[in-house]
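Heads up, the thing below is written out as structure tokens.
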Amino acid sequence: MKQLEVQIMGQSYLLGCPEGGEQRMLEAVEKVDGAMCRIRDAGKVKARDRIAVLAALNLAFDAAGRHSAPQAATALASADLTSAGINGANGNDPRLAGLLERLDRALRQDGRLL
């Protein structure tokens, strides 16, 4: 296993990576860094853990959309996920609204995920 040192939102991380997977890992790091920086730069969220969770949810939602295109296209249109964070809890998708409410409650409880 190879180790890569990368920067995500200005912080260094040492990541394990399988041989031959370096390019894919660097592409993943670039996506995560970009998603987190866009959320941070929008100025609506300051806590690094909340930024990470929102970026992960955005990326996971996008990835799920690629696997079930017709249903995901409808969900994306109604959810209104943006690069500045998840703003789509507007009643169009009750599952997404419920997920966001649970996430907000959990993060308000102690301000950290782990």
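Note on naming: chains are A, B, ... as they come in the structure tokens, residues start from 1 per chain, ligands start from 1 in the order shown.
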Exercise for the section: Write out as a ChimeraX atom specification each polymer residue whose atoms come within 6 Å of region 24-35 of chain A, counting only C-alpha atoms; drop sequence neighbours fewer than 6 positions from it. Expected result: /A:8-9,55
Limited to C-alpha atoms, could you put the picked residues into a file as a PDB file, in the first residue's frame?
```pdb
ATOM      1  CA  ILE A   8      -7.871  19.127   1.815  1.00  0.00           C
ATOM      2  CA  MET A   9      -9.154  22.581   2.684  1.00  0.00           C
ATOM      3  CA  ALA A  55     -19.685  17.931   1.218  1.00  0.00           C
TER       4      ALA A  55
END
```
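Summary of the local environment: counting only C-alpha atoms, residues at most 12 Å from Gln3 (chain A), other than itself and those fewer than 5 positions away along its chain, are Tyr13, Leu14, Leu15, Gly16, Cys17, Pro18, Glu19, Gly20, Gly21, Glu22, Met25 and Leu26 of chain A.
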Once you have the residues from the selection above, write them out as a compact mmCIF listing (two decimals), in the first residue's frame, restricted to all heavy atoms.
```txt
# COMPACT_ATOMS: atom_id res chain seq x y z
N TYR A 13 -3.14 15.63 4.96
CA TYR A 13 -3.57 14.29 5.35
C TYR A 13 -2.63 13.28 4.68
O TYR A 13 -2.24 13.46 3.53
CB TYR A 13 -5.00 14.00 4.88
CG TYR A 13 -6.04 14.86 5.55
CD1 TYR A 13 -6.40 16.09 5.01
CD2 TYR A 13 -6.65 14.45 6.72
CE1 TYR A 13 -7.35 16.89 5.62
CE2 TYR A 13 -7.61 15.24 7.34
CZ TYR A 13 -7.95 16.46 6.78
OH TYR A 13 -8.89 17.24 7.40
N LEU A 14 -2.30 12.23 5.38
CA LEU A 14 -1.52 11.13 4.84
C LEU A 14 -2.49 9.98 4.62
O LEU A 14 -3.07 9.46 5.57
CB LEU A 14 -0.40 10.73 5.80
CG LEU A 14 0.63 9.76 5.27
CD1 LEU A 14 1.33 10.32 4.04
CD2 LEU A 14 1.65 9.44 6.36
N LEU A 15 -2.70 9.61 3.35
CA LEU A 15 -3.70 8.61 3.01
C LEU A 15 -3.06 7.35 2.47
O LEU A 15 -2.11 7.42 1.69
CB LEU A 15 -4.64 9.17 1.92
CG LEU A 15 -5.34 10.48 2.21
CD1 LEU A 15 -6.14 10.92 1.00
CD2 LEU A 15 -6.24 10.35 3.43
N GLY A 16 -3.59 6.20 2.86
CA GLY A 16 -3.17 4.94 2.28
C GLY A 16 -3.87 4.76 0.94
O GLY A 16 -5.04 5.12 0.80
N CYS A 17 -3.16 4.22 -0.02
CA CYS A 17 -3.71 4.09 -1.36
C CYS A 17 -3.15 2.81 -1.97
O CYS A 17 -1.94 2.57 -1.93
CB CYS A 17 -3.30 5.31 -2.18
SG CYS A 17 -3.84 5.28 -3.87
N PRO A 18 -4.00 1.99 -2.59
CA PRO A 18 -3.49 0.78 -3.23
C PRO A 18 -2.59 1.13 -4.41
O PRO A 18 -2.79 2.16 -5.07
CB PRO A 18 -4.75 0.04 -3.70
CG PRO A 18 -5.86 1.02 -3.61
CD PRO A 18 -5.44 2.12 -2.71
N GLU A 19 -1.60 0.29 -4.65
CA GLU A 19 -0.72 0.49 -5.80
C GLU A 19 -1.55 0.62 -7.07
O GLU A 19 -2.48 -0.16 -7.29
CB GLU A 19 0.27 -0.68 -5.93
CG GLU A 19 1.27 -0.77 -4.82
CD GLU A 19 2.26 0.39 -4.78
OE1 GLU A 19 2.56 0.97 -5.84
OE2 GLU A 19 2.74 0.70 -3.67
N GLY A 20 -1.23 1.60 -7.87
CA GLY A 20 -1.95 1.83 -9.10
C GLY A 20 -3.21 2.66 -8.94
O GLY A 20 -3.84 3.02 -9.93
N GLY A 21 -3.57 2.98 -7.72
CA GLY A 21 -4.79 3.76 -7.49
C GLY A 21 -4.53 5.22 -7.19
O GLY A 21 -5.45 5.94 -6.80
N GLU A 22 -3.29 5.65 -7.39
CA GLU A 22 -2.92 7.01 -7.02
C GLU A 22 -3.74 8.06 -7.76
O GLU A 22 -4.22 9.03 -7.15
CB GLU A 22 -1.42 7.27 -7.27
CG GLU A 22 -0.49 6.44 -6.43
CD GLU A 22 -0.15 5.09 -7.07
OE1 GLU A 22 -0.77 4.70 -8.08
OE2 GLU A 22 0.76 4.43 -6.53
N MET A 25 -7.25 8.24 -6.43
CA MET A 25 -7.25 8.84 -5.10
C MET A 25 -7.09 10.36 -5.21
O MET A 25 -7.79 11.12 -4.53
CB MET A 25 -6.15 8.25 -4.22
CG MET A 25 -6.10 8.86 -2.82
SD MET A 25 -7.57 8.51 -1.84
CE MET A 25 -7.25 6.81 -1.39
N LEU A 26 -6.17 10.80 -6.06
CA LEU A 26 -5.97 12.25 -6.23
C LEU A 26 -7.20 12.92 -6.81
O LEU A 26 -7.54 14.05 -6.43
CB LEU A 26 -4.73 12.51 -7.09
CG LEU A 26 -3.40 12.12 -6.45
CD1 LEU A 26 -2.26 12.27 -7.45
CD2 LEU A 26 -3.14 12.95 -5.19
```
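Counting from CA of Gly10 (chain A), the distance to CA of Arg48 (chain A) is 11.2 Å.
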Practice task
Do a neighbour search on Ile51 (chain A) at 8 Å with only C-alpha atoms, toss out local chain neighbours closer than 4 positions, and write the hits as an NGL selection string.
Solution key: :A and (36 or 39-40 or 45-47 or 55 or 85)
Exercise for the section: To one decimal in Å, tell me the separation between CA of Leu99 (chain A) and CA of Asp41 (chain A). Expected result: 23.9 Å
